[in-house]
Amino acid sequence: MKVKWTFHPEDYRLGENESFYARMAERGWELTNRGGYFSGFTRTEPRRMLYRLELDPSAPSEDRLALYEECGWEWVTHRGAVNVYRTPAGSGAPELYTDAESQAKSVRRMRRRYILDLLLAVAAVPLLWLLISRMARSSSNAARQLLVFPELYIFYLAWVLYALGTELAGILVTSKLLRGLRRGQMPDHAPRVRRPLAKPLLVAAWCVCLALTAAQLALYDRTDMPETSDGPYVTLSELGFDGERNGILTHEPDARVERIWAPLADAVWTRETVGESMNWAVLDQDIYDVRFEWLARALFEPLMGSAVFARSDGEFTRVTLDGWDDVRVTYKECFARRGGRIVYLYMSVPNEYTPEGPDLEEKTEYYFRVLRLLEER
């Protein structure tokens, strides 16, 4: 049995849905069920059918089904506020609605639903944005998520635009229907069917998000850090810290490189620890080669919200380094930008927690050494 799924017009386009299902029946596709975005059809012999949509949030009762069947109408499916009925063309079955006022009641009910849904959608925008931002901050921060996983925001934005547009269009179309019904004009059951755009665009945006996620998973690479740098990052040995690579807690070799491709940036994240006991040298690097310099400029300060130890960008001190557009430092962390490249550094050096440990000026010089080496890569 051949099955086909096709986008159908929105619920509020009553006549277009009826025309759409009648055209599909003439082509040999019989409606079996109606979903949120697609309608399902099975292959049959082509035949002329009449379809009618009844606006009711609940499925028909047994008594109503019996009455409609006695009049020649077969109930097909229910979805949301829509019940779909059909009868063979020329069967002589009476129209489901011949009174404009009774039809207007169901249209008013649908319009109230769209008004309520629009209000809920508008109210949900800041709440959903807050939720996503908090989720982003729990793993790093929203700006970092935007650079590395922009599909999360595409998915969210596409849904919001679709929801707001659909509810607003539903209000406008049902209001127009009501104006006609007040003048005694029943809805046209056979209008020209316009190809729906909102649903295909939404589904296409979601497919793009899934494709981007799949590509990122396929291109993600995590390896042990080689002895000599093979990418846009610096090793501790290049800074003069020699010794065995050990994890602070695990005492296992701790030196890794993660490479991530994203539509907006190429990212390299590294972690390296050298030494033992309290004599560790640690260097973490997050390096983003952003494809658009204006975007790097816009996200530089928001990215500082991903700092591990600094609670705000106000704790950073701006310093000057030739060749770099912006450099900010705290004792443990550094953010820097050069064109479209953004660099985050966390660094700890031996004896840091002793009175003889380096001060901020000495730590800043370590950051400068890393940044100078990165200029060449």
# chains A, B, ... in the order shown; residues from 1 in each chain; ligands from 1
call {"tool": "residues_around", "arguments": {"residues": "A:Pro46", "least_positions_apart": "3", "cutoff": "6 Å", "atoms": "only C-alpha atoms", "output": "list of chain:residue names"}}
result
A:Ala25, A:Glu26, A:Arg27, A:Gly28
call {"tool": "write_last_selection", "arguments": {"atoms": "C-alpha atoms", "output": "compact mmCIF listing (two decimals), in the first residue's frame"}}
result
# COMPACT_ATOMS: atom_id res chain seq x y z
CA ALA A 25 -8.68 12.49 -4.31
CA GLU A 26 -8.97 13.25 -8.03
CA ARG A 27 -5.30 12.27 -8.38
CA GLY A 28 -5.88 8.97 -6.59
call {"tool": "residues_around", "arguments": {"residues": "A:Glu376", "least_positions_apart": "4", "cutoff": "10 Å", "atoms": "only C-alpha atoms", "output": "short mmCIF file (atom, residue, chain, number, x, y, z; two decimals) with N, CA and C atoms, in the first residue's frame"}}
result
data_model
loop_
_atom_site.label_atom_id
_atom_site.label_comp_id
_atom_site.auth_asym_id
_atom_site.auth_seq_id
_atom_site.Cartn_x
_atom_site.Cartn_y
_atom_site.Cartn_z
N PRO A 232 46.89 25.76 15.71
CA PRO A 232 46.92 27.12 16.28
C PRO A 232 46.83 27.09 17.81
N LEU A 371 50.52 34.64 23.32
CA LEU A 371 49.89 35.38 22.24
C LEU A 371 50.88 35.67 21.11
N ARG A 372 52.12 35.94 21.43
CA ARG A 372 53.11 36.20 20.38
C ARG A 372 53.34 34.94 19.55
#
call {"tool": "atom_distance", "arguments": {"atom1": "atom CA of A:Thr32", "atom2": "atom CA of A:Val3"}}
result
9.4 Å
call {"tool": "select_by_dssp", "arguments": {"residues": "stretch 31-141 of chain A", "states": "strand (DSSP E or B)", "output": "PyMOL selection string"}}
result
chain A and resi 31-34+38-43+49-55+74-79+82-88
call {"tool": "closest_atom_pairs", "arguments": {"of": "stretch 190-279 of chain A", "to": "stretch 286-299 of chain A", "cutoff": "6 Å", "atoms": "only C-alpha atoms", "output": "CSV"}}
result
residue,atom,partner,partner_atom,distance
A:Leu264,CA,A:Arg291,CA,5.6
A:Ala265,CA,A:Val290,CA,4.2
A:Asp266,CA,A:Asp289,CA,5.2
A:Ala267,CA,A:Tyr288,CA,4.5
A:Val268,CA,A:Ile287,CA,5.2
A:Trp269,CA,A:Asp286,CA,4.5
call {"tool": "write_last_selection", "arguments": {"atoms": "N, CA and C atoms", "output": "PDB file, in the first residue's frame"}}
result
ATOM      1  N   LEU A 264      30.141  29.362  11.943  1.00  0.00           N
ATOM      2  CA  LEU A 264      30.619  30.711  12.236  1.00  0.00           C
ATOM      3  C   LEU A 264      32.082  30.770  12.638  1.00  0.00           C
ATOM      4  N   ALA A 265      32.665  29.639  12.993  1.00  0.00           N
ATOM      5  CA  ALA A 265      34.047  29.671  13.473  1.00  0.00           C
ATOM      6  C   ALA A 265      34.648  28.281  13.476  1.00  0.00           C
ATOM      7  N   ASP A 266      35.981  28.238  13.392  1.00  0.00           N
ATOM      8  CA  ASP A 266      36.738  27.025  13.680  1.00  0.00           C
ATOM      9  C   ASP A 266      37.286  27.181  15.091  1.00  0.00           C
ATOM     10  N   ALA A 267      37.113  26.148  15.909  1.00  0.00           N
ATOM     11  CA  ALA A 267      37.526  26.243  17.308  1.00  0.00           C
ATOM     12  C   ALA A 267      38.532  25.159  17.645  1.00  0.00           C
ATOM     13  N   VAL A 268      39.496  25.526  18.473  1.00  0.00           N
ATOM     14  CA  VAL A 268      40.461  24.576  19.019  1.00  0.00           C
ATOM     15  C   VAL A 268      40.468  24.772  20.532  1.00  0.00           C
ATOM     16  N   TRP A 269      40.234  23.692  21.274  1.00  0.00           N
ATOM     17  CA  TRP A 269      40.280  23.728  22.724  1.00  0.00           C
ATOM     18  C   TRP A 269      41.393  22.798  23.173  1.00  0.00           C
TER      19      TRP A 269
END
call {"tool": "closest_residue", "arguments": {"among": "A:Ala307, A:Ile342, A:Leu168, A:Leu118", "to": "A:Asp325", "atoms": "only C-alpha atoms"}}
result
A:Ile342
call {"tool": "select_by_dssp", "arguments": {"residues": "stretch 11-148 of chain A", "states": "alpha helix (DSSP H)", "output": "NGL selection string"}}
result
:A and (14-26 or 62-71 or 100-139 or 142-148)
call {"tool": "residues_around", "arguments": {"residues": "A:Ala336", "least_positions_apart": "4", "cutoff": "12 Å", "atoms": "only C-alpha atoms", "output": "MDAnalysis selection string"}}
result
chainID A and resid 285:288 296:297 299:301 303:304 316:330 340:346 364 367:368 370:372 374:375
call {"tool": "closest_residue", "arguments": {"among": "A:Thr98, A:Trp280, A:Leu164, A:Arg108", "to": "A:Leu120", "atoms": "only C-alpha atoms"}}
result
A:Leu164
